[in-house]
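Only one structure is covered here, and it is reproduced in the block below.
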Amino acid sequence: MKQILLVCNAGMSSGILARKMEDAANGTMTIKAVGVSEYKDHVENKDLLIVGPQIRFQLDEISKAVPIPVMLIDFQKYGLMDAEGILNDVRSALEMN
Amino acid sequence: MSKFSAMSQVIERRILPFANKMGQQRHLAAIRDAFITLLPINLMGGLAAIIKSPPVTESTTNGMLLAWNSFAMANDLLLNWLYAFTLGAMSLYICVGVTHFLCRHYSVNSFIPILFSLVGFFLTVTEPMELGWDGKSLSFSFIDGKGILPALIIAILTTELYQLMKKKNFGKISMPPGVPPSLSDVFASLFPGMILITVYILIFALFRSFDSSFASFIFTQMAPAFKAADSLVFVIFITILIHFLWFFGIHDASLSGVVGPIRDGNLSINASAKIAGEVLPTIFTTPFWVYFVVIGGCGAVLGLAVLLMFSKSKQLKTMGKVGFLPALFGISEPLIFGIPLMLNPIFFIPFIFAATVNAVTTFLLMDWGIIAKTFSMVSWNMPSFLGAFFSTLDWKAPILVIALTILNTLIYYPFLKIYDRQLYNREQEFNAKKVES
């Protein structure tokens, strides 16, 4: 099972998305949403870190700070809470690495 | 349209690094994180302030309100005491929080620096009244929002000096190899601690020699700046700036290291005044912002979310269904990224002006005393009309919020109409092509 860490500003709106994504993944992934101030404490054992578009300006810093691959969530999919679409992006990102 | 997107690309390229710098600047980031973690403490203080202030006048006859009033009077001391060490001691906790988060930035264990910060805080922000053998008393009137700046200064000074001394191995006493590491940690902080505490007591002595104190000096010196930050011009400036950033899809957290202390500090100052039965001095507080200005989240999109459900375009209709509930709880990211409002030239004007209209209207009504000022904060994602009531205990406040929501809806309406027609036509063309092929 793959473990995904979802980072946004305070883990609020991404919390909604994380639940939807877990439902859509049907138990093949766990998705944990956290705020940007604490993501470093949660990286352990995660396979991929995905970043909410509202903090995309911190993407570089986050990429440098963690040892796992980092992906930016497409902003329109984020807005539409398109869990399926984001899961597809996540899967291809996981395959690439 | 293409001109617009070219221009916005240029602006975006300039804004992103700026937001990045603001968001990463270690002191601002630590301040932001410290304010976020204060939530449960502020909430309890806010509740104490609400319970202590039943909306009762001499002509009140409602039994429940009168019962509330007598409860509040009977438990006056209890509520005051609860308030004094929750929301009323905000600076104390901010001092601890900033020290902790700044230490984390340097990957330094924060326990010892927090102890030093506390020593510094008590030595410079509280004042001794009497230090006798059988009775000690101190004045701690600056540990609420009035002492935020000295608290920040102590926290940053302590952490910066501490980590610098640690990095340079200053005053490190080499222990024989048999000594347990935890013990040698304590010895390593011996000299840094002595130096820091000497600095604090010198600060105290310096201000004492002028019959003043560090905290009261900063507060009176900075009074004009605080006053300026509580003006209509500043509120308009901040509202436009935050929405400008959001228009580029950038979370305003990049600014909250600066705006947070002002808003939360003002809230604490108002709450202290309310608890003491004084006139509330400030308008630009955190509840002012979250309940009255950004109704439905940044962009003031609650009315827009309702409008969306009646749009012709399928995409927008779906967006209304997805975005309405989050917006009701003050979360507008789904709408900002989904419609999208972000970088969408059609929505540039209403996106920035809806919230600005709310800010101006509310500021003026509070300034004129028509709507009561805010003094408590329950939770930022409580629906605006409820939050507006509990933060002011003024029944006119939720009415204002409803009126503003309608106003915001009207502001968005013509722009949404244009966008809806565009999307609808595109959807029709798309469907027609599908049928043909």
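Chain labels A, B, ... are given in the sequence in which chains occur in the structure tokens; within each chain residues are numbered consecutively from 1, and ligands are likewise numbered from 1 in the order shown.
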
Interface rows for chain B against chain A: nearest pair, Å to one decimal, 6 Å, only C-alpha atoms, as a Markdown table:
```
| residue | atom | partner | partner_atom | distance |
| --- | --- | --- | --- | --- |
| B:Leu16 | CA | A:Phe57 | CA | 5.5 |
| B:Asn20 | CA | A:Phe57 | CA | 5.2 |
| B:Gly249 | CA | A:Gln54 | CA | 5.5 |
| B:Ile250 | CA | A:Gln54 | CA | 5.0 |
| B:His251 | CA | A:Gln54 | CA | 5.0 |
| B:Pro334 | CA | A:Gly79 | CA | 3.7 |
| B:Leu335 | CA | A:Gly79 | CA | 5.9 |
| B:Phe337 | CA | A:Gly79 | CA | 4.3 |
| B:Gly338 | CA | A:Gly79 | CA | 3.6 |
```

Looking only at helix (DSSP H, G or I) from DSSP on the backbone, list the matching residues of chain A as JSON, numbers by chain. {"A": [13, 14, 15, 16, 17, 18, 19, 20, 21, 22, 23, 24, 25, 39, 40, 41, 42, 53, 54, 55, 56, 57, 58, 59, 60, 61, 62, 63, 64, 65, 75, 76, 77, 78, 79, 83, 84, 85, 86, 87, 88, 89, 90, 91, 92, 93, 94, 95, 96]}

Save out the residues we just selected, N, CA and C atoms, as a compact mmCIF listing (two decimals), in the first residue's frame.
```
# COMPACT_ATOMS: atom_id res chain seq x y z
N SER A 13 -8.68 22.60 3.80
CA SER A 13 -9.36 22.22 2.57
C SER A 13 -8.78 20.92 2.02
N SER A 14 -7.48 20.69 2.28
CA SER A 14 -6.88 19.46 1.80
C SER A 14 -7.39 18.26 2.58
N GLY A 15 -7.86 18.52 3.81
CA GLY A 15 -8.44 17.43 4.59
C GLY A 15 -9.65 16.83 3.90
N ILE A 16 -10.48 17.70 3.29
CA ILE A 16 -11.65 17.24 2.55
C ILE A 16 -11.18 16.37 1.39
N LEU A 17 -10.18 16.89 0.67
CA LEU A 17 -9.68 16.19 -0.51
C LEU A 17 -9.08 14.84 -0.13
N ALA A 18 -8.31 14.82 0.97
CA ALA A 18 -7.64 13.58 1.37
C ALA A 18 -8.66 12.47 1.60
N ARG A 19 -9.78 12.84 2.24
CA ARG A 19 -10.80 11.81 2.50
C ARG A 19 -11.40 11.28 1.21
N LYS A 20 -11.67 12.24 0.29
CA LYS A 20 -12.24 11.82 -1.00
C LYS A 20 -11.28 10.92 -1.75
N MET A 21 -10.00 11.26 -1.70
CA MET A 21 -9.01 10.46 -2.43
C MET A 21 -8.89 9.07 -1.83
N GLU A 22 -8.94 8.99 -0.51
CA GLU A 22 -8.85 7.66 0.12
C GLU A 22 -10.04 6.80 -0.29
N ASP A 23 -11.23 7.43 -0.33
CA ASP A 23 -12.41 6.69 -0.77
C ASP A 23 -12.23 6.19 -2.19
N ALA A 24 -11.74 7.11 -3.05
CA ALA A 24 -11.60 6.76 -4.46
C ALA A 24 -10.50 5.71 -4.67
N ALA A 25 -9.51 5.68 -3.79
CA ALA A 25 -8.39 4.75 -3.97
C ALA A 25 -8.76 3.34 -3.52
N TYR A 39 4.91 19.49 7.90
CA TYR A 39 5.06 18.36 6.99
C TYR A 39 6.33 17.57 7.23
N LYS A 40 7.39 18.24 7.71
CA LYS A 40 8.66 17.54 7.91
C LYS A 40 8.54 16.43 8.94
N ASP A 41 7.61 16.58 9.88
CA ASP A 41 7.45 15.56 10.92
C ASP A 41 6.70 14.33 10.42
N HIS A 42 6.13 14.43 9.22
CA HIS A 42 5.27 13.33 8.76
C HIS A 42 5.82 12.62 7.53
N PRO A 53 -2.22 23.70 -4.40
CA PRO A 53 -1.81 24.82 -5.25
C PRO A 53 -1.71 26.15 -4.49
N GLN A 54 -2.40 26.27 -3.34
CA GLN A 54 -2.35 27.56 -2.64
C GLN A 54 -1.00 27.84 -2.01
N ILE A 55 -0.15 26.80 -1.88
CA ILE A 55 1.19 27.06 -1.36
C ILE A 55 2.24 26.65 -2.40
N ARG A 56 1.88 26.80 -3.67
CA ARG A 56 2.82 26.34 -4.70
C ARG A 56 4.10 27.17 -4.68
N PHE A 57 4.02 28.37 -4.09
CA PHE A 57 5.23 29.19 -4.00
C PHE A 57 6.27 28.57 -3.07
N GLN A 58 5.87 27.57 -2.29
CA GLN A 58 6.85 26.92 -1.42
C GLN A 58 7.31 25.57 -1.96
N LEU A 59 6.92 25.29 -3.20
CA LEU A 59 7.23 23.97 -3.79
C LEU A 59 8.73 23.67 -3.77
N ASP A 60 9.53 24.66 -4.19
CA ASP A 60 10.98 24.43 -4.25
C ASP A 60 11.55 24.08 -2.89
N GLU A 61 11.13 24.87 -1.91
CA GLU A 61 11.65 24.67 -0.56
C GLU A 61 11.28 23.28 -0.06
N ILE A 62 10.02 22.88 -0.31
CA ILE A 62 9.57 21.57 0.16
C ILE A 62 10.35 20.47 -0.55
N SER A 63 10.53 20.60 -1.87
CA SER A 63 11.26 19.58 -2.62
C SER A 63 12.66 19.38 -2.06
N LYS A 64 13.28 20.51 -1.69
CA LYS A 64 14.64 20.41 -1.17
C LYS A 64 14.66 19.78 0.21
N ALA A 65 13.57 19.96 0.97
CA ALA A 65 13.59 19.55 2.38
C ALA A 65 13.27 18.08 2.60
N PHE A 75 -4.26 22.81 -10.21
CA PHE A 75 -5.13 23.65 -9.40
C PHE A 75 -6.61 23.47 -9.71
N GLN A 76 -6.91 23.19 -10.98
CA GLN A 76 -8.33 23.05 -11.29
C GLN A 76 -8.89 21.74 -10.73
N LYS A 77 -8.09 20.70 -10.79
CA LYS A 77 -8.53 19.43 -10.19
C LYS A 77 -8.70 19.60 -8.68
N TYR A 78 -7.80 20.39 -8.09
CA TYR A 78 -7.91 20.65 -6.65
C TYR A 78 -9.23 21.34 -6.35
N GLY A 79 -9.55 22.36 -7.15
CA GLY A 79 -10.77 23.12 -6.93
C GLY A 79 -12.01 22.28 -7.10
N ALA A 83 -11.00 13.87 -7.05
CA ALA A 83 -10.15 12.88 -6.42
C ALA A 83 -9.61 11.87 -7.42
N GLU A 84 -10.49 11.44 -8.35
CA GLU A 84 -10.07 10.46 -9.36
C GLU A 84 -8.92 11.00 -10.20
N GLY A 85 -9.10 12.21 -10.70
CA GLY A 85 -8.10 12.82 -11.56
C GLY A 85 -6.77 12.97 -10.86
N ILE A 86 -6.81 13.42 -9.61
CA ILE A 86 -5.57 13.60 -8.87
C ILE A 86 -4.92 12.25 -8.60
N LEU A 87 -5.75 11.23 -8.31
CA LEU A 87 -5.21 9.89 -8.08
C LEU A 87 -4.46 9.38 -9.30
N ASN A 88 -5.01 9.66 -10.50
CA ASN A 88 -4.32 9.25 -11.72
C ASN A 88 -2.95 9.92 -11.82
N ASP A 89 -2.92 11.24 -11.52
CA ASP A 89 -1.63 11.95 -11.53
C ASP A 89 -0.68 11.33 -10.51
N VAL A 90 -1.23 10.99 -9.34
CA VAL A 90 -0.40 10.41 -8.29
C VAL A 90 0.18 9.08 -8.75
N ARG A 91 -0.67 8.27 -9.40
CA ARG A 91 -0.20 6.96 -9.84
C ARG A 91 0.93 7.10 -10.85
N SER A 92 0.76 8.05 -11.81
CA SER A 92 1.83 8.16 -12.81
C SER A 92 3.09 8.74 -12.18
N ALA A 93 2.92 9.61 -11.18
CA ALA A 93 4.11 10.13 -10.50
C ALA A 93 4.83 9.02 -9.74
N LEU A 94 4.05 8.11 -9.17
CA LEU A 94 4.65 6.99 -8.43
C LEU A 94 5.40 6.06 -9.37
N GLU A 95 4.83 5.88 -10.58
CA GLU A 95 5.49 4.98 -11.53
C GLU A 95 6.79 5.57 -12.04
N MET A 96 6.77 6.91 -12.23
CA MET A 96 7.96 7.56 -12.77
C MET A 96 9.16 7.42 -11.84
```

Would you pick out the contacts of range 404-407 of chain B at 10 Å or less, using only C-alpha atoms, so that residues sharing its chain but fewer than 4 positions from it are not included, and give the list as a list in words? Phe292, Val293, Val294, Ile295, Gly296, Ala300, Val301, Leu302, Gly303, Leu304, Ala354, Ala355, Val357, Asn358, Ala359, Thr361, Thr362, Ser384, Phe385, Pro398, Ile399, Leu400, Ile411, Tyr412 and Tyr413 of chain B

Expected file contents, prior selection, N, CA and C atoms, as a tab-separated table (two decimals), in the first residue's frame:
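Okay, this is what ended up in out-v6.tsv:
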```tsv
chain	number	residue	atom	x	y	z
B	292	PHE	N	-16.60	39.07	8.96
B	292	PHE	CA	-17.25	40.18	8.28
B	292	PHE	C	-16.67	40.49	6.89
B	293	VAL	N	-15.37	40.27	6.71
B	293	VAL	CA	-14.75	40.64	5.44
B	293	VAL	C	-14.76	39.46	4.46
B	294	VAL	N	-14.16	38.33	4.85
B	294	VAL	CA	-14.08	37.21	3.91
B	294	VAL	C	-15.23	36.23	4.18
B	295	ILE	N	-16.44	36.68	3.90
B	295	ILE	CA	-17.62	35.84	4.12
B	295	ILE	C	-17.61	34.72	3.08
B	296	GLY	N	-17.42	33.49	3.54
B	296	GLY	CA	-17.32	32.37	2.61
B	296	GLY	C	-15.89	32.08	2.20
B	300	ALA	N	-14.78	36.56	-0.56
B	300	ALA	CA	-16.16	36.74	-0.12
B	300	ALA	C	-17.11	36.04	-1.08
B	301	VAL	N	-16.95	34.71	-1.18
B	301	VAL	CA	-17.58	33.95	-2.26
B	301	VAL	C	-18.86	33.20	-1.85
B	302	LEU	N	-19.35	33.42	-0.63
B	302	LEU	CA	-20.52	32.64	-0.21
B	302	LEU	C	-21.71	32.88	-1.15
B	303	GLY	N	-21.96	34.15	-1.46
B	303	GLY	CA	-23.07	34.47	-2.37
B	303	GLY	C	-22.84	33.89	-3.75
B	304	LEU	N	-21.59	33.94	-4.19
B	304	LEU	CA	-21.25	33.39	-5.50
B	304	LEU	C	-21.54	31.89	-5.54
B	354	ALA	N	-15.38	42.65	-3.82
B	354	ALA	CA	-16.44	42.18	-2.92
B	354	ALA	C	-15.96	42.25	-1.48
B	355	ALA	N	-14.78	41.70	-1.20
B	355	ALA	CA	-14.27	41.70	0.16
B	355	ALA	C	-13.95	43.11	0.62
B	357	VAL	N	-15.47	45.87	-0.25
B	357	VAL	CA	-16.73	46.52	0.11
B	357	VAL	C	-17.15	46.07	1.52
B	358	ASN	N	-17.01	44.77	1.81
B	358	ASN	CA	-17.34	44.27	3.14
B	358	ASN	C	-16.49	44.95	4.21
B	359	ALA	N	-15.19	45.06	3.92
B	359	ALA	CA	-14.27	45.64	4.90
B	359	ALA	C	-14.64	47.09	5.18
B	361	THR	N	-17.55	48.72	4.62
B	361	THR	CA	-18.86	48.86	5.25
B	361	THR	C	-18.79	48.52	6.74
B	362	THR	N	-18.20	47.37	7.04
B	362	THR	CA	-18.14	46.93	8.43
B	362	THR	C	-17.30	47.90	9.26
B	384	SER	N	-20.13	32.57	8.94
B	384	SER	CA	-20.00	33.98	9.26
B	384	SER	C	-21.12	34.56	10.10
B	385	PHE	N	-22.39	34.24	9.76
B	385	PHE	CA	-23.46	34.93	10.49
B	385	PHE	C	-23.51	34.48	11.95
B	398	PRO	N	-25.19	39.67	12.73
B	398	PRO	CA	-25.56	38.68	11.71
B	398	PRO	C	-26.41	39.27	10.60
B	399	ILE	N	-27.24	40.29	10.92
B	399	ILE	CA	-28.03	40.93	9.86
B	399	ILE	C	-27.10	41.62	8.87
B	400	LEU	N	-26.07	42.27	9.41
B	400	LEU	CA	-25.09	42.92	8.53
B	400	LEU	C	-24.44	41.88	7.63
B	411	ILE	N	-22.57	41.89	-6.59
B	411	ILE	CA	-21.30	42.29	-7.20
B	411	ILE	C	-20.82	41.21	-8.17
B	412	TYR	N	-20.94	39.96	-7.78
B	412	TYR	CA	-20.46	38.87	-8.63
B	412	TYR	C	-21.38	38.60	-9.82
B	413	TYR	N	-22.68	38.90	-9.63
B	413	TYR	CA	-23.69	38.46	-10.60
B	413	TYR	C	-23.37	38.78	-12.06
```

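Once range 193-206 of chain B and its same-chain neighbours fewer than 3 positions away are set aside, Ile112, Pro113, Phe116, Ser117, Val119, Gly120, Phe121, Leu123, Thr124, Val125, Ile154, Leu157, Thr158, Leu161, Tyr162, Ser189, Leu190, Ser209, Phe210, Ser212, Ser213 and Phe214 of chain B remain within 9 Å of it when counting only C-alpha atoms.
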
Counting only C-alpha atoms, what is within 9 Å of Leu49 in chain A, bar same-chain residues fewer than 6 positions away, as a PyMOL selection string? chain A and resi 3-7+43+63+66+68-72

How would the residues just picked look written out with C-alpha atoms as a compact mmCIF listing (two decimals), in the first residue's frame?
```txt
# COMPACT_ATOMS: atom_id res chain seq x y z
CA GLN A 3 1.35 6.24 1.54
CA ILE A 4 0.81 9.79 0.36
CA LEU A 5 1.38 13.01 2.28
CA LEU A 6 -0.81 15.94 1.20
CA VAL A 7 0.45 19.37 2.26
CA VAL A 43 7.54 12.46 5.82
CA SER A 63 11.26 19.58 -2.62
CA VAL A 66 12.28 16.02 1.86
CA ILE A 68 10.83 11.64 -1.33
CA PRO A 69 9.39 12.76 -4.69
CA VAL A 70 7.16 15.85 -4.63
CA MET A 71 4.26 16.63 -6.96
CA LEU A 72 2.15 19.78 -7.34
```
